[in-house]
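The structure file structure.cif is reproduced below (mmCIF, C-alpha atoms).
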data_input
loop_
_atom_site.label_atom_id
_atom_site.label_comp_id
_atom_site.auth_asym_id
_atom_site.auth_seq_id
_atom_site.Cartn_x
_atom_site.Cartn_y
_atom_site.Cartn_z
CA MET A 1 53.14 -17.71 94.15
CA LYS A 2 54.18 -21.23 94.97
CA ASN A 3 50.55 -22.38 94.94
CA THR A 4 50.02 -20.72 91.55
CA GLN A 5 53.07 -22.42 90.07
CA LYS A 6 51.93 -25.69 91.59
CA ARG A 7 48.48 -25.34 90.00
CA LYS A 8 50.08 -24.53 86.62
CA SER A 9 52.26 -27.61 86.87
CA VAL A 10 49.23 -29.77 87.66
CA PHE A 11 47.28 -28.30 84.73
CA ILE A 12 50.21 -28.87 82.36
CA ALA A 13 50.61 -32.46 83.56
CA MET A 14 46.88 -33.11 83.13
CA ALA A 15 46.96 -31.59 79.65
CA LEU A 16 49.87 -33.80 78.67
CA VAL A 17 48.14 -36.90 79.99
CA LEU A 18 44.93 -35.96 78.16
CA SER A 19 46.86 -35.37 74.92
CA ILE A 20 48.55 -38.75 75.20
CA VAL A 21 45.20 -40.46 75.87
CA LEU A 22 43.63 -38.74 72.86
CA LEU A 23 46.55 -39.70 70.62
CA ILE A 24 46.33 -43.33 71.71
CA ALA A 25 42.56 -43.36 71.21
CA THR A 26 42.89 -41.78 67.77
CA GLY A 27 45.50 -44.32 66.80
CA CYS A 28 43.31 -47.20 67.98
CA ASP A 29 40.30 -45.86 66.09
CA LYS A 30 42.38 -45.43 62.98
CA GLY A 31 43.63 -48.99 63.18
CA LYS A 32 40.07 -50.21 63.72
CA ASP A 33 38.66 -48.25 60.77
CA GLU A 34 41.32 -49.20 58.23
CA THR A 35 41.31 -52.71 56.76
CA LYS A 36 43.74 -54.15 54.24
CA ILE A 37 42.71 -56.83 51.78
CA ILE A 38 44.89 -58.63 49.23
CA VAL A 39 43.22 -59.72 46.00
CA GLY A 40 44.90 -62.07 43.55
CA ALA A 41 44.11 -61.40 39.89
CA SER A 42 45.10 -62.07 36.30
CA PRO A 43 46.93 -59.02 34.88
CA SER A 44 44.24 -58.21 32.32
CA PRO A 45 41.45 -57.36 32.59
CA HIS A 46 41.08 -58.31 36.26
CA ALA A 47 43.99 -56.38 37.79
CA GLU A 48 43.21 -53.41 35.54
CA ILE A 49 39.61 -53.36 36.77
CA LEU A 50 40.73 -53.64 40.39
CA GLN A 51 43.14 -50.74 39.93
CA GLU A 52 40.16 -48.52 39.12
CA ILE A 53 38.65 -49.01 42.57
CA VAL A 54 41.76 -48.62 44.77
CA GLU A 55 40.99 -44.99 45.64
CA ASP A 56 37.27 -45.66 46.00
CA LEU A 57 37.93 -48.36 48.58
CA LYS A 58 40.46 -46.19 50.39
CA LYS A 59 37.67 -43.65 51.00
CA GLU A 60 35.68 -46.52 52.49
CA GLY A 61 38.49 -47.41 54.88
CA VAL A 62 39.77 -50.37 52.87
CA THR A 63 43.32 -50.60 51.55
CA LEU A 64 43.41 -52.81 48.45
CA GLU A 65 46.60 -54.62 47.47
CA ILE A 66 46.51 -56.29 44.06
CA ARG A 67 48.68 -59.37 43.60
CA GLU A 68 49.01 -60.53 40.00
CA PHE A 69 49.14 -64.18 38.92
CA SER A 70 50.06 -65.34 35.43
CA ASP A 71 48.45 -68.80 35.61
CA TYR A 72 45.09 -70.34 36.51
CA LYS A 73 46.22 -72.80 39.19
CA THR A 74 48.05 -70.68 41.78
CA PRO A 75 45.33 -68.12 42.73
CA ASN A 76 42.95 -70.70 44.23
CA ILE A 77 45.80 -72.38 46.11
CA ALA A 78 46.93 -69.01 47.48
CA LEU A 79 43.38 -68.18 48.55
CA SER A 80 42.89 -71.56 50.20
CA ASP A 81 46.20 -71.19 52.04
CA GLY A 82 45.23 -67.74 53.33
CA ASP A 83 47.96 -65.88 51.44
CA ILE A 84 45.33 -63.61 49.86
CA ASP A 85 41.83 -62.54 50.93
CA ALA A 86 40.08 -62.96 47.57
CA ASN A 87 40.82 -63.76 43.96
CA PHE A 88 39.41 -62.43 40.70
CA PHE A 89 40.44 -64.38 37.61
CA GLN A 90 38.08 -67.29 36.93
CA HIS A 91 34.63 -68.03 35.57
CA ILE A 92 31.94 -70.03 37.37
CA PRO A 93 32.39 -73.49 35.76
CA TYR A 94 36.16 -73.37 36.31
CA PHE A 95 35.70 -72.25 39.92
CA VAL A 96 33.20 -75.00 40.71
CA THR A 97 35.36 -77.72 39.18
CA GLU A 98 38.62 -76.56 40.78
CA ASN A 99 37.06 -75.90 44.17
CA ARG A 100 35.49 -79.36 44.21
CA ASP A 101 38.47 -81.29 42.90
CA GLY A 102 41.04 -79.34 44.91
CA LYS A 103 38.95 -79.29 48.10
CA PHE A 104 39.96 -75.64 48.49
CA GLY A 105 37.06 -74.59 50.71
CA LEU A 106 36.12 -71.46 48.75
CA GLU A 107 32.88 -69.66 47.96
CA ILE A 108 31.67 -67.12 45.42
CA LEU A 109 31.40 -63.47 46.46
CA GLY A 110 29.70 -62.26 43.27
CA GLY A 111 29.97 -61.99 39.47
CA VAL A 112 31.53 -59.11 37.54
CA HIS A 113 31.98 -59.72 33.80
CA VAL A 114 32.17 -62.11 30.86
CA GLU A 115 35.19 -62.45 28.58
CA PRO A 116 34.03 -64.02 25.30
CA MET A 117 36.27 -66.89 24.22
CA ALA A 118 37.12 -66.89 20.52
CA LEU A 119 38.90 -68.70 17.69
CA TYR A 120 41.80 -66.75 16.20
CA SER A 121 43.88 -67.38 13.09
CA THR A 122 46.75 -65.53 11.46
CA LYS A 123 46.45 -67.68 8.33
CA TYR A 124 42.76 -67.73 7.49
CA ALA A 125 40.09 -65.03 7.41
CA SER A 126 37.01 -67.20 7.98
CA LEU A 127 35.86 -70.61 9.14
CA ASP A 128 35.20 -71.63 5.54
CA ASP A 129 38.85 -71.04 4.72
CA LEU A 130 40.09 -73.57 7.28
CA PRO A 131 41.57 -76.46 5.27
CA ASP A 132 41.01 -80.16 5.76
CA GLY A 133 43.24 -81.40 8.58
CA ALA A 134 43.77 -77.91 10.07
CA GLU A 135 45.57 -77.77 13.42
CA ILE A 136 43.56 -76.06 16.18
CA MET A 137 45.05 -75.21 19.57
CA VAL A 138 42.75 -75.49 22.61
CA PRO A 139 43.33 -75.00 26.39
CA ASN A 140 44.28 -78.18 28.22
CA ASP A 141 42.43 -77.53 31.51
CA THR A 142 39.12 -79.33 31.90
CA THR A 143 36.54 -76.55 31.82
CA ASN A 144 38.24 -74.28 29.29
CA GLU A 145 38.90 -77.13 26.87
CA GLY A 146 35.27 -78.17 27.09
CA ARG A 147 34.19 -74.57 26.59
CA ALA A 148 36.40 -74.27 23.49
CA LEU A 149 35.01 -77.46 21.95
CA LEU A 150 31.44 -76.35 22.63
CA ILE A 151 32.12 -73.15 20.69
CA LEU A 152 33.44 -75.17 17.75
CA GLN A 153 30.42 -77.46 17.96
CA GLU A 154 28.04 -74.48 17.94
CA ALA A 155 29.71 -73.32 14.71
CA GLY A 156 29.21 -76.75 13.13
CA LEU A 157 32.93 -77.59 12.92
CA ILE A 158 32.61 -80.67 15.13
CA LYS A 159 29.98 -82.72 16.95
CA LEU A 160 30.43 -84.02 20.50
CA ALA A 161 29.00 -87.21 21.95
CA GLU A 162 25.47 -86.93 23.32
CA GLY A 163 25.35 -85.38 26.80
CA VAL A 164 28.98 -84.21 26.84
CA THR A 165 29.35 -80.54 27.78
CA ILE A 166 31.98 -78.61 29.73
CA THR A 167 34.15 -81.66 30.41
CA ALA A 168 34.54 -82.42 26.70
CA THR A 169 37.93 -83.39 25.25
CA PRO A 170 38.90 -84.18 21.66
CA GLN A 171 38.21 -87.85 22.47
CA ASP A 172 34.52 -86.95 22.80
CA ILE A 173 34.27 -85.76 19.18
CA VAL A 174 32.02 -88.08 17.16
CA ASP A 175 31.88 -86.06 13.94
CA ASN A 176 34.72 -83.98 12.47
CA PRO A 177 33.94 -83.03 8.83
CA LYS A 178 37.16 -81.05 8.34
CA ASN A 179 39.31 -83.65 10.14
CA LEU A 180 40.56 -80.96 12.48
CA ARG A 181 43.63 -81.86 14.54
CA PHE A 182 43.74 -80.60 18.13
CA THR A 183 46.81 -79.49 20.06
CA GLU A 184 46.23 -79.11 23.79
CA LEU A 185 48.27 -76.42 25.57
CA GLU A 186 48.11 -74.47 28.81
CA ALA A 187 45.73 -71.57 28.22
CA ALA A 188 48.38 -68.95 29.02
CA ALA A 189 50.77 -70.39 26.44
CA ILE A 190 48.40 -70.40 23.47
CA PRO A 191 48.65 -66.66 22.58
CA LEU A 192 52.42 -67.08 22.36
CA ALA A 193 52.23 -70.01 19.97
CA TYR A 194 48.98 -69.76 18.04
CA GLN A 195 50.64 -68.28 14.94
CA ASP A 196 52.22 -71.70 14.37
CA ALA A 197 48.82 -73.40 14.10
CA ASP A 198 45.97 -72.88 11.66
CA GLY A 199 43.79 -71.58 14.46
CA ALA A 200 43.52 -71.39 18.24
CA VAL A 201 40.79 -70.90 20.80
CA ILE A 202 42.04 -68.30 23.30
CA ASN A 203 40.60 -67.21 26.64
CA GLY A 204 39.47 -63.60 26.77
CA ASN A 205 41.90 -62.37 29.40
CA TYR A 206 44.94 -63.86 27.63
CA ALA A 207 43.71 -62.47 24.31
CA ILE A 208 43.49 -58.98 25.83
CA GLU A 209 46.98 -59.27 27.33
CA HIS A 210 48.35 -59.93 23.83
CA GLY A 211 46.43 -57.15 22.10
CA LEU A 212 43.67 -59.31 20.61
CA ASN A 213 40.03 -58.25 20.50
CA PRO A 214 37.51 -61.04 19.78
CA LEU A 215 35.13 -58.72 17.95
CA LYS A 216 37.85 -57.42 15.63
CA ASP A 217 40.46 -60.16 15.35
CA ALA A 218 38.66 -63.50 15.72
CA ILE A 219 37.03 -65.66 13.05
CA LEU A 220 34.58 -67.15 15.59
CA VAL A 221 33.30 -65.63 18.85
CA GLU A 222 31.40 -67.24 21.70
CA GLY A 223 27.71 -66.35 21.87
CA SER A 224 26.46 -63.58 24.17
CA SER A 225 24.46 -66.10 26.23
CA SER A 226 27.66 -67.50 27.74
CA PRO A 227 27.31 -68.74 31.35
CA TYR A 228 31.03 -68.18 31.94
CA VAL A 229 30.77 -65.18 34.24
CA ASN A 230 34.03 -64.16 35.95
CA ILE A 231 33.59 -64.08 39.71
CA VAL A 232 35.33 -62.93 42.87
CA ALA A 233 36.06 -65.87 45.18
CA VAL A 234 36.78 -65.89 48.92
CA LYS A 235 37.31 -68.47 51.66
CA ASP A 236 34.20 -70.22 52.95
CA GLY A 237 32.52 -68.13 55.64
CA ARG A 238 34.06 -64.78 54.66
CA ALA A 239 31.60 -63.56 52.03
CA ASN A 240 29.69 -61.34 54.48
CA GLU A 241 32.77 -59.55 55.84
CA GLU A 242 32.38 -55.78 55.53
CA ALA A 243 35.61 -55.13 53.62
CA LEU A 244 34.85 -57.86 51.08
CA GLN A 245 31.31 -56.60 50.60
CA LYS A 246 32.74 -53.15 49.93
CA LEU A 247 35.06 -54.75 47.35
CA LEU A 248 32.13 -56.36 45.55
CA LYS A 249 30.04 -53.19 45.64
CA ALA A 250 32.88 -51.21 44.09
CA LEU A 251 33.38 -53.82 41.36
CA GLN A 252 29.66 -53.77 40.53
CA SER A 253 29.39 -49.98 40.38
CA ASP A 254 28.30 -47.83 37.45
CA LYS A 255 31.88 -46.56 37.32
CA ILE A 256 33.23 -50.03 36.59
CA LYS A 257 30.46 -50.78 34.10
CA THR A 258 31.44 -47.68 32.13
CA PHE A 259 35.16 -48.45 32.46
CA ILE A 260 34.72 -51.98 31.09
CA GLU A 261 32.57 -50.85 28.18
CA ASP A 262 34.90 -47.98 27.23
CA LYS A 263 38.24 -49.73 27.67
CA TYR A 264 37.62 -53.19 26.24
CA ASP A 265 35.29 -52.39 23.36
CA GLY A 266 33.32 -55.64 23.60
CA ALA A 267 36.24 -57.89 24.54
CA VAL A 268 34.90 -57.78 28.11
CA ILE A 269 31.19 -57.44 28.93
CA PRO A 270 29.78 -56.30 32.32
CA ALA A 271 27.74 -59.10 33.91
CA PHE A 272 27.10 -58.15 37.52
CA GLN A 273 25.66 -61.02 39.55
CA SER A 274 24.80 -61.45 43.20
CA LYS A 275 26.28 -64.32 45.17
CA GLU A 276 22.89 -66.06 45.09
CA THR A 277 22.62 -65.88 41.28
CA ALA A 278 26.20 -67.04 40.77
CA ASP A 279 25.70 -69.92 43.21
CA LYS A 280 22.61 -71.06 41.28
CA LEU A 281 24.58 -71.07 38.03
CA GLY A 282 27.39 -72.94 39.73
CA ALA A 283 24.99 -75.60 40.97
CA GLY A 284 24.60 -76.73 37.36
CA TYR A 285 28.23 -77.80 37.20
#

Structure translated into structure tokens:
Amino acid sequence: MKNTQKRKSVFIAMALVLSIVLLIATGCDKGKDETKIIVGASPSPHAEILQEIVEDLKKEGVTLEIREFSDYKTPNIALSDGDIDANFFQHIPYFVTENRDGKFGLEILGGVHVEPMALYSTKYASLDDLPDGAEIMVPNDTTNEGRALLILQEAGLIKLAEGVTITATPQDIVDNPKNLRFTELEAAAIPLAYQDADGAVINGNYAIEHGLNPLKDAILVEGSSSPYVNIVAVKDGRANEEALQKLLKALQSDKIKTFIEDKYDGAVIPAFQSKETADKLGAGY
């Protein structure tokens, strides 16, 4: 009887030890399989697009935290400092310029969409209606201001000096038939103030945030051949990490293509690009 009880005690002890070992192993495997990434994004459309893939990534073992930024400067600083794992808010020319000038040490993960920039007015229904001396608001950061002026040049409203492109400022205007006056403001502030001017060139994401659709509300829209593809950026050397590759794959899925087309009605256009293609475009800036 004593031997039987002794054997039972040994078996129970072994079972307990085995259970503990299995629990520890399961916990370790779970920790190994689950990865958390933090992505900084503009509220719209970037954070909205990211929200659509949270559950998809969770099934892939990746927990996605979305951190919203309301300006264009902070997300690259936060990424460079390691506060976030990736950001999704900027187009290629802006990224290249900021990364170079700020020495942030970032690289492109891939391209997702284009947000057409457009000229809006609450006072005039067409370009022809703009009066002599009209006040036009434009973004004050280097690449977006140049982009805005190139749109106006394409429409024949102004002419820039020979060879001037994305770095253009109002000082580079050599012909201005309507004597347009330019007010330079931070891009995020323009949608809040543009009613006070005769017209304003507004970035796509800020237009969306304030209920504006370039195809329905603008008097001039950027052409469909725009090179200003919005990209996901990461720290140099991290682009091949598994969790970040899963992020890019989810953002370039058929699900997101359909979501963008259905939700934004032309205000955002899918433009999926590989890292290699985006890097080639960036080399031109």

- So what do you get for CA of Ser274 in chain A versus CA of Asn76 in chain A, distance-wise? 20.4 Å

As AutoDock Vina command-line options, please: the centre and edge lengths in Å, to one decimal, of an axis-aligned box enclosing every listed atom of range 258-266 of chain A with 3 Å added on each side.
--center_x 34.8 --center_y -51.7 --center_z 27.9 --size_x 12.8 --size_y 14.0 --size_z 15.1

- Item | Selection result of the PyMOL selection byres ((chain A and resi 90-95) around 9) on this file, as number ranges by chain | A: 41-42, 72, 76, 87-89, 96-100, 106-108, 111, 113-115, 141-144, 166, 227-233, 278-279, 281-282, 284-285

Please tabulate, as JSON lines, the residues of range 36-149 of chain A that come within 9 Å of range 184-207 of chain A, each with its closest pair of atoms and the distance in Å to one decimal, counting all atoms listed in the file and ordering rows by chain, then residue number upward.
{"residue": "A:Ser42", "atom": "CA", "partner": "A:Asn205", "partner_atom": "CA", "distance": 7.6}
{"residue": "A:Pro43", "atom": "CA", "partner": "A:Asn205", "partner_atom": "CA", "distance": 8.2}
{"residue": "A:Ser44", "atom": "CA", "partner": "A:Asn205", "partner_atom": "CA", "distance": 5.6}
{"residue": "A:Pro45", "atom": "CA", "partner": "A:Asn205", "partner_atom": "CA", "distance": 6.0}
{"residue": "A:His46", "atom": "CA", "partner": "A:Asn205", "partner_atom": "CA", "distance": 8.0}
{"residue": "A:Ser70", "atom": "CA", "partner": "A:Ala188", "partner_atom": "CA", "distance": 7.5}
{"residue": "A:Asp71", "atom": "CA", "partner": "A:Ala188", "partner_atom": "CA", "distance": 6.6}
{"residue": "A:Tyr72", "atom": "CA", "partner": "A:Ala188", "partner_atom": "CA", "distance": 8.3}
{"residue": "A:Phe89", "atom": "CA", "partner": "A:Asn205", "partner_atom": "CA", "distance": 8.6}
{"residue": "A:Val114", "atom": "CA", "partner": "A:Gly204", "partner_atom": "CA", "distance": 8.5}
{"residue": "A:Glu115", "atom": "CA", "partner": "A:Gly204", "partner_atom": "CA", "distance": 4.8}
{"residue": "A:Pro116", "atom": "CA", "partner": "A:Gly204", "partner_atom": "CA", "distance": 5.7}
{"residue": "A:Met117", "atom": "CA", "partner": "A:Asn203", "partner_atom": "CA", "distance": 5.0}
{"residue": "A:Ala118", "atom": "CA", "partner": "A:Val201", "partner_atom": "CA", "distance": 5.4}
{"residue": "A:Leu119", "atom": "CA", "partner": "A:Val201", "partner_atom": "CA", "distance": 4.3}
{"residue": "A:Tyr120", "atom": "CA", "partner": "A:Ala200", "partner_atom": "CA", "distance": 5.4}
{"residue": "A:Ser121", "atom": "CA", "partner": "A:Gly199", "partner_atom": "CA", "distance": 4.4}
{"residue": "A:Thr122", "atom": "CA", "partner": "A:Gln195", "partner_atom": "CA", "distance": 5.9}
{"residue": "A:Lys123", "atom": "CA", "partner": "A:Asp198", "partner_atom": "CA", "distance": 6.2}
{"residue": "A:Tyr124", "atom": "CA", "partner": "A:Asp198", "partner_atom": "CA", "distance": 7.4}
{"residue": "A:Leu130", "atom": "CA", "partner": "A:Asp198", "partner_atom": "CA", "distance": 7.4}
{"residue": "A:Pro131", "atom": "CA", "partner": "A:Asp198", "partner_atom": "CA", "distance": 8.5}
{"residue": "A:Ala134", "atom": "CA", "partner": "A:Asp198", "partner_atom": "CA", "distance": 5.7}
{"residue": "A:Glu135", "atom": "CA", "partner": "A:Asp198", "partner_atom": "CA", "distance": 5.2}
{"residue": "A:Ile136", "atom": "CA", "partner": "A:Gly199", "partner_atom": "CA", "distance": 4.8}
{"residue": "A:Met137", "atom": "CA", "partner": "A:Ala200", "partner_atom": "CA", "distance": 4.3}
{"residue": "A:Val138", "atom": "CA", "partner": "A:Glu184", "partner_atom": "CA", "distance": 5.2}
{"residue": "A:Pro139", "atom": "CA", "partner": "A:Ala187", "partner_atom": "CA", "distance": 4.6}
{"residue": "A:Asn140", "atom": "CA", "partner": "A:Glu184", "partner_atom": "CA", "distance": 4.9}
{"residue": "A:Asp141", "atom": "CA", "partner": "A:Glu186", "partner_atom": "CA", "distance": 7.0}
{"residue": "A:Asn144", "atom": "CA", "partner": "A:Asn203", "partner_atom": "CA", "distance": 7.9}
{"residue": "A:Glu145", "atom": "CA", "partner": "A:Glu184", "partner_atom": "CA", "distance": 8.2}
{"residue": "A:Ala148", "atom": "CA", "partner": "A:Val201", "partner_atom": "CA", "distance": 6.2}
{"residue": "A:Leu149", "atom": "CA", "partner": "A:Val201", "partner_atom": "CA", "distance": 8.8}

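Between Lys216 in chain A and the residues A:Gly133, A:Gly266, A:Gly146, A:Gly163, the shortest atom-to-atom distance, using all atoms listed in the file, involves A:Gly266.
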
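For the residues A:Ala267, A:Leu79, A:Val112, A:Val174, ranking by smallest atom-to-atom distance to Gly40 in chain A using all atoms listed in the file places A:Leu79 first.
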
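Across A:Gln51, A:Thr167, A:Gln245, A:Asn176, the tightest approach to Leu152 in chain A is made by A:Asn176 when counting only C-alpha atoms.
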
- In terms of the shortest atom-to-atom distance over all atoms listed in the file, which of A:Glu276, A:Glu154, A:Glu242, A:Asp262 is closest to Leu57 in chain A? A:Glu242

- Can you give me, as a ChimeraX atom specification, the residues this file yields under the PyMOL selection byres ((chain A and resi 250-252) around 9)? /A:49-50,52-53,56-57,110-112,245-249,253-257,270-273

- Give me, please, the distance in Å between CA of Thr165 in chain A and CA of Arg147 in chain A, quoted to one decimal. 7.8 Å

- Quick one: distance from CA of Asn240 in chain A to CA of Glu34 in chain A in Å, one decimal?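 Straight-line distance from CA of Asn240 in chain A to CA of Glu34 in chain A works out to 17.2 Å.
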
- Message: Measuring between only C-alpha atoms, which one of A:His210, A:Lys263, A:Lys159, A:Lys58 shows the shortest distance to Leu180 in chain A?
- Response: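 Closest candidate: A:Lys159.
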
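Contact shell of Ala239 in chain A at 6 Å (all atoms listed in the file; same-chain neighbours under 2 positions omitted): Leu109, Gly237 and Glu241 of chain A.
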